[in-house]
file input_30.cif (mmCIF, C-alpha atoms)
data_final
loop_
_atom_site.label_atom_id
_atom_site.label_comp_id
_atom_site.auth_asym_id
_atom_site.auth_seq_id
_atom_site.Cartn_x
_atom_site.Cartn_y
_atom_site.Cartn_z
CA MET A 1 102.70 105.76 103.83
CA PRO A 2 103.38 109.48 104.09
CA ASN A 3 106.45 109.50 101.80
CA THR A 4 105.01 107.52 98.91
CA THR A 5 105.23 108.79 95.35
CA ILE A 6 101.84 108.92 93.69
CA ILE A 7 101.77 107.61 90.13
CA ASP A 8 98.48 108.75 88.65
CA GLY A 9 97.88 107.16 85.25
CA LEU A 10 100.06 107.22 82.15
CA ASP A 11 100.67 110.95 82.24
CA GLY A 12 101.75 110.77 85.86
CA LEU A 13 104.07 107.86 85.11
CA ARG A 14 105.62 109.63 82.11
CA ALA A 15 106.25 112.74 84.22
CA LEU A 16 108.39 110.68 86.62
CA ALA A 17 110.69 109.13 83.98
CA GLY A 18 114.33 109.59 84.88
CA GLN A 19 113.56 110.43 88.51
CA LYS A 20 114.13 108.82 91.88
CA LEU A 21 110.83 107.61 93.28
CA GLY A 22 111.95 107.35 96.89
CA ALA A 23 112.84 104.75 99.49
CA SER A 24 110.94 102.40 101.76
CA GLU A 25 111.11 102.46 105.53
CA TRP A 26 114.15 100.80 107.08
CA LYS A 27 113.67 97.13 108.00
CA GLN A 28 115.86 95.09 110.34
CA LEU A 29 116.99 91.66 109.16
CA ALA A 30 116.23 89.03 111.78
CA HIS A 31 117.84 85.59 111.73
CA GLU A 32 114.31 84.16 111.65
CA ASP A 33 113.70 85.93 108.30
CA ILE A 34 116.69 84.12 106.83
CA VAL A 35 115.59 80.77 108.27
CA ARG A 36 112.06 81.18 106.85
CA PHE A 37 113.56 81.96 103.43
CA ALA A 38 115.80 78.88 103.70
CA GLU A 39 112.74 76.78 104.53
CA ALA A 40 110.83 78.19 101.55
CA THR A 41 113.68 77.60 99.09
CA GLY A 42 115.42 74.56 100.54
CA ASP A 43 118.74 76.45 100.61
CA PHE A 44 120.22 75.72 104.03
CA GLN A 45 123.84 76.58 103.26
CA TRP A 46 125.62 77.15 106.57
CA ILE A 47 126.60 80.75 105.79
CA HIS A 48 122.90 81.61 105.99
CA VAL A 49 121.59 79.55 108.90
CA ASP A 50 124.37 78.32 111.21
CA ARG A 51 125.13 81.05 113.75
CA GLU A 52 127.88 79.16 115.55
CA ARG A 53 129.77 78.19 112.40
CA CYS A 54 129.43 81.73 111.04
CA ALA A 55 130.96 83.09 114.25
CA ARG A 56 133.91 80.70 113.82
CA GLU A 57 134.45 80.52 110.05
CA SER A 58 132.61 83.23 108.13
CA PRO A 59 134.39 86.44 107.19
CA PHE A 60 131.14 88.22 108.15
CA GLY A 61 130.90 86.79 111.69
CA VAL A 62 127.14 86.35 111.48
CA PRO A 63 124.73 84.66 109.06
CA ILE A 64 123.97 86.58 105.88
CA ALA A 65 120.78 86.64 103.86
CA HIS A 66 120.58 84.69 100.63
CA GLY A 67 121.11 86.90 97.59
CA TYR A 68 117.68 85.88 96.40
CA PHE A 69 116.21 87.01 99.71
CA SER A 70 117.56 90.48 98.94
CA VAL A 71 116.13 90.51 95.43
CA SER A 72 112.77 89.18 96.67
CA ARG A 73 112.41 92.21 98.93
CA ILE A 74 112.07 94.43 95.84
CA ALA A 75 108.55 93.19 95.17
CA GLY A 76 107.68 93.25 98.85
CA LEU A 77 108.77 96.84 99.42
CA PHE A 78 107.75 98.29 96.03
CA PHE A 79 104.32 99.45 97.21
CA GLU A 80 105.80 101.20 100.26
CA ILE A 81 107.40 103.61 97.79
CA VAL A 82 104.70 104.09 95.16
CA ASP A 83 100.94 104.61 95.28
CA ILE A 84 99.71 103.58 91.83
CA ARG A 85 96.42 104.90 90.52
CA GLY A 86 94.66 104.85 87.17
CA PHE A 87 95.95 101.50 85.89
CA ALA A 88 94.00 98.28 85.46
CA LEU A 89 96.98 96.20 86.58
CA VAL A 90 100.68 96.44 87.44
CA LEU A 91 102.80 93.38 86.72
CA ASN A 92 106.28 92.50 87.88
CA TYR A 93 107.67 91.51 84.46
CA GLY A 94 111.14 90.36 85.52
CA LEU A 95 114.72 91.45 85.87
CA ASN A 96 117.36 92.40 83.31
CA LYS A 97 120.37 92.43 85.58
CA VAL A 98 120.92 91.59 89.24
CA ARG A 99 124.06 91.94 91.34
CA PHE A 100 124.78 91.34 95.03
CA PRO A 101 127.68 93.74 95.75
CA ALA A 102 127.70 93.30 99.54
CA PRO A 103 126.25 90.88 102.10
CA LEU A 104 123.08 91.62 104.02
CA LYS A 105 124.06 90.55 107.54
CA THR A 106 121.82 89.40 110.34
CA GLY A 107 120.85 92.44 112.42
CA ALA A 108 121.47 94.94 109.61
CA ARG A 109 118.92 97.55 108.60
CA TYR A 110 118.01 97.71 104.93
CA ARG A 111 115.57 99.46 102.62
CA LEU A 112 114.58 99.59 98.97
CA SER A 113 115.23 102.67 96.86
CA LEU A 114 113.72 103.04 93.39
CA GLU A 115 114.51 105.11 90.33
CA LEU A 116 112.33 105.13 87.21
CA LYS A 117 115.00 104.91 84.53
CA GLU A 118 112.97 104.67 81.32
CA LEU A 119 109.61 103.84 79.79
CA LYS A 120 108.69 101.89 76.69
CA ASP A 121 105.25 101.74 75.13
CA ILE A 122 103.75 98.26 74.85
CA PRO A 123 100.30 97.11 73.72
CA LYS A 124 97.75 98.22 76.34
CA GLY A 125 100.29 99.91 78.56
CA VAL A 126 103.84 100.91 79.37
CA GLU A 127 106.89 98.93 80.44
CA ALA A 128 108.97 100.67 83.09
CA LEU A 129 112.63 99.97 83.74
CA MET A 130 113.29 100.62 87.43
CA LEU A 131 116.66 100.70 89.13
CA ALA A 132 115.98 98.90 92.39
CA THR A 133 118.57 99.00 95.15
CA ILE A 134 118.51 97.23 98.50
CA GLU A 135 120.59 99.64 100.57
CA VAL A 136 122.23 98.62 103.84
CA GLU A 137 122.41 101.27 106.54
CA GLY A 138 126.00 102.38 107.15
CA GLU A 139 127.42 100.45 104.18
CA SER A 140 128.87 101.97 101.01
CA LYS A 141 127.69 99.10 98.79
CA PRO A 142 124.15 97.79 98.48
CA ALA A 143 123.08 94.22 99.18
CA CYS A 144 121.30 94.11 95.82
CA ALA A 145 121.25 96.25 92.69
CA ALA A 146 118.76 95.23 90.02
CA GLU A 147 117.14 96.43 86.84
CA ALA A 148 113.50 95.54 87.46
CA LEU A 149 110.80 95.64 84.80
CA TYR A 150 107.20 96.49 85.63
CA ARG A 151 104.31 96.60 83.20
CA PHE A 152 101.66 99.23 83.87
CA MET A 153 98.56 98.05 82.04
CA THR A 154 95.76 100.43 81.07
CA ALA A 155 93.33 97.76 79.87
#

call {"tool": "encode", "arguments": {"input": "input_30.cif", "output": "C-alpha cells"}}
result
Amino acid sequence: MPNTTIIDGLDGLRALAGQKLGASEWKQLAHEDIVRFAEATGDFQWIHVDRERCARESPFGVPIAHGYFSVSRIAGLFFEIVDIRGFALVLNYGLNKVRFPAPLKTGARYRLSLELKELKDIPKGVEALMLATIEVEGESKPACAAEALYRFMTA
C-alpha cells in the first residue's frame, strides 16, 4: 500500500515511539459481513442480523456490527498500515483495554488508525503498546478504541 509506514528493525521501531503510524483504507460494512461474523461466533442477536426488526425497534434503524467484529478488524487491517521488516516474528499479544463508544452501522465506512504509544523491552524483542481505533466516517466517536499489544521478536 502506498501510505504504509515502514518499520525497519528495532531502531526503526524505536524511532516511531509516540507517533501516529497512519490509517488503513476505508472499508464499507456490508450486512453480509455481520451475518458471516454471527455465523462464526454463534451470536445471532437481532440487533445484528434482523433488518426488519432493526428498522422497527432499534434506535439505529439498521443492523449494527458486533463489538467483537469491530475489535477483530484491528488484526485484519494492521498490515495495511505498517510494513514490518527486520523481525523474525510479530505476534498479536492481546489487549489491555477495549471500548465500543459508538455503533458500527450497516452501510457505514470505517477504517483503522494506529498510534505507537510506548515500547517495552522483553526477552528476544520488544513489546509495543498501540492505540488502535476503528473510526467511522462522519462520526465523532469511534466504533472501537483499544490498547493493543504486539510483540516484535528479533529471534

call {"tool": "resolve_selection", "arguments": {"input": "input_30.cif", "expression": "the PyMOL selection byres ((chain A and resi 113) around 10)", "output": "PyMOL selection string"}}
result
chain A and resi 20-25+74+77-78+81+110-112+114-115+130-135+145

call {"tool": "closest_residue", "arguments": {"input": "input_30.cif", "among": "A:Asp8, A:Gln28, A:Ala102, A:Tyr68", "to": "Ala40 (chain A)", "atoms": "all atoms listed in the file"}}
result
A:Tyr68

call {"tool": "resolve_selection", "arguments": {"input": "input_30.cif", "expression": "the PyMOL selection byres ((chain A and resi 119) around 12)", "output": "ChimeraX atom specification"}}
result
/A:10-11,13-19,115-118,120-122,125-130,148-152

call {"tool": "closest_residue", "arguments": {"input": "input_30.cif", "among": "A:Ala55, A:Ala65, A:Ala143, A:Ala88", "to": "Phe37 (chain A)", "atoms": "all atoms listed in the file"}}
result
A:Ala65

call {"tool": "residues_around", "arguments": {"input": "input_30.cif", "residues": "Phe100 (chain A)", "least_positions_apart": "4", "cutoff": "9 Å", "atoms": "only C-alpha atoms", "output": "ChimeraX atom specification"}}
result
/A:67,70-71,142-146

call {"tool": "closest_residue", "arguments": {"input": "input_30.cif", "among": "A:Val82, A:Ala75, A:Ile47, A:Ala108", "to": "Gly94 (chain A)", "atoms": "all atoms listed in the file"}}
result
A:Ala75

call {"tool": "resolve_selection", "arguments": {"input": "input_30.cif", "expression": "the PyMOL selection byres ((chain A and resi 83) around 8)", "output": "PyMOL selection string"}}
result
chain A and resi 4-7+79-82+84-85
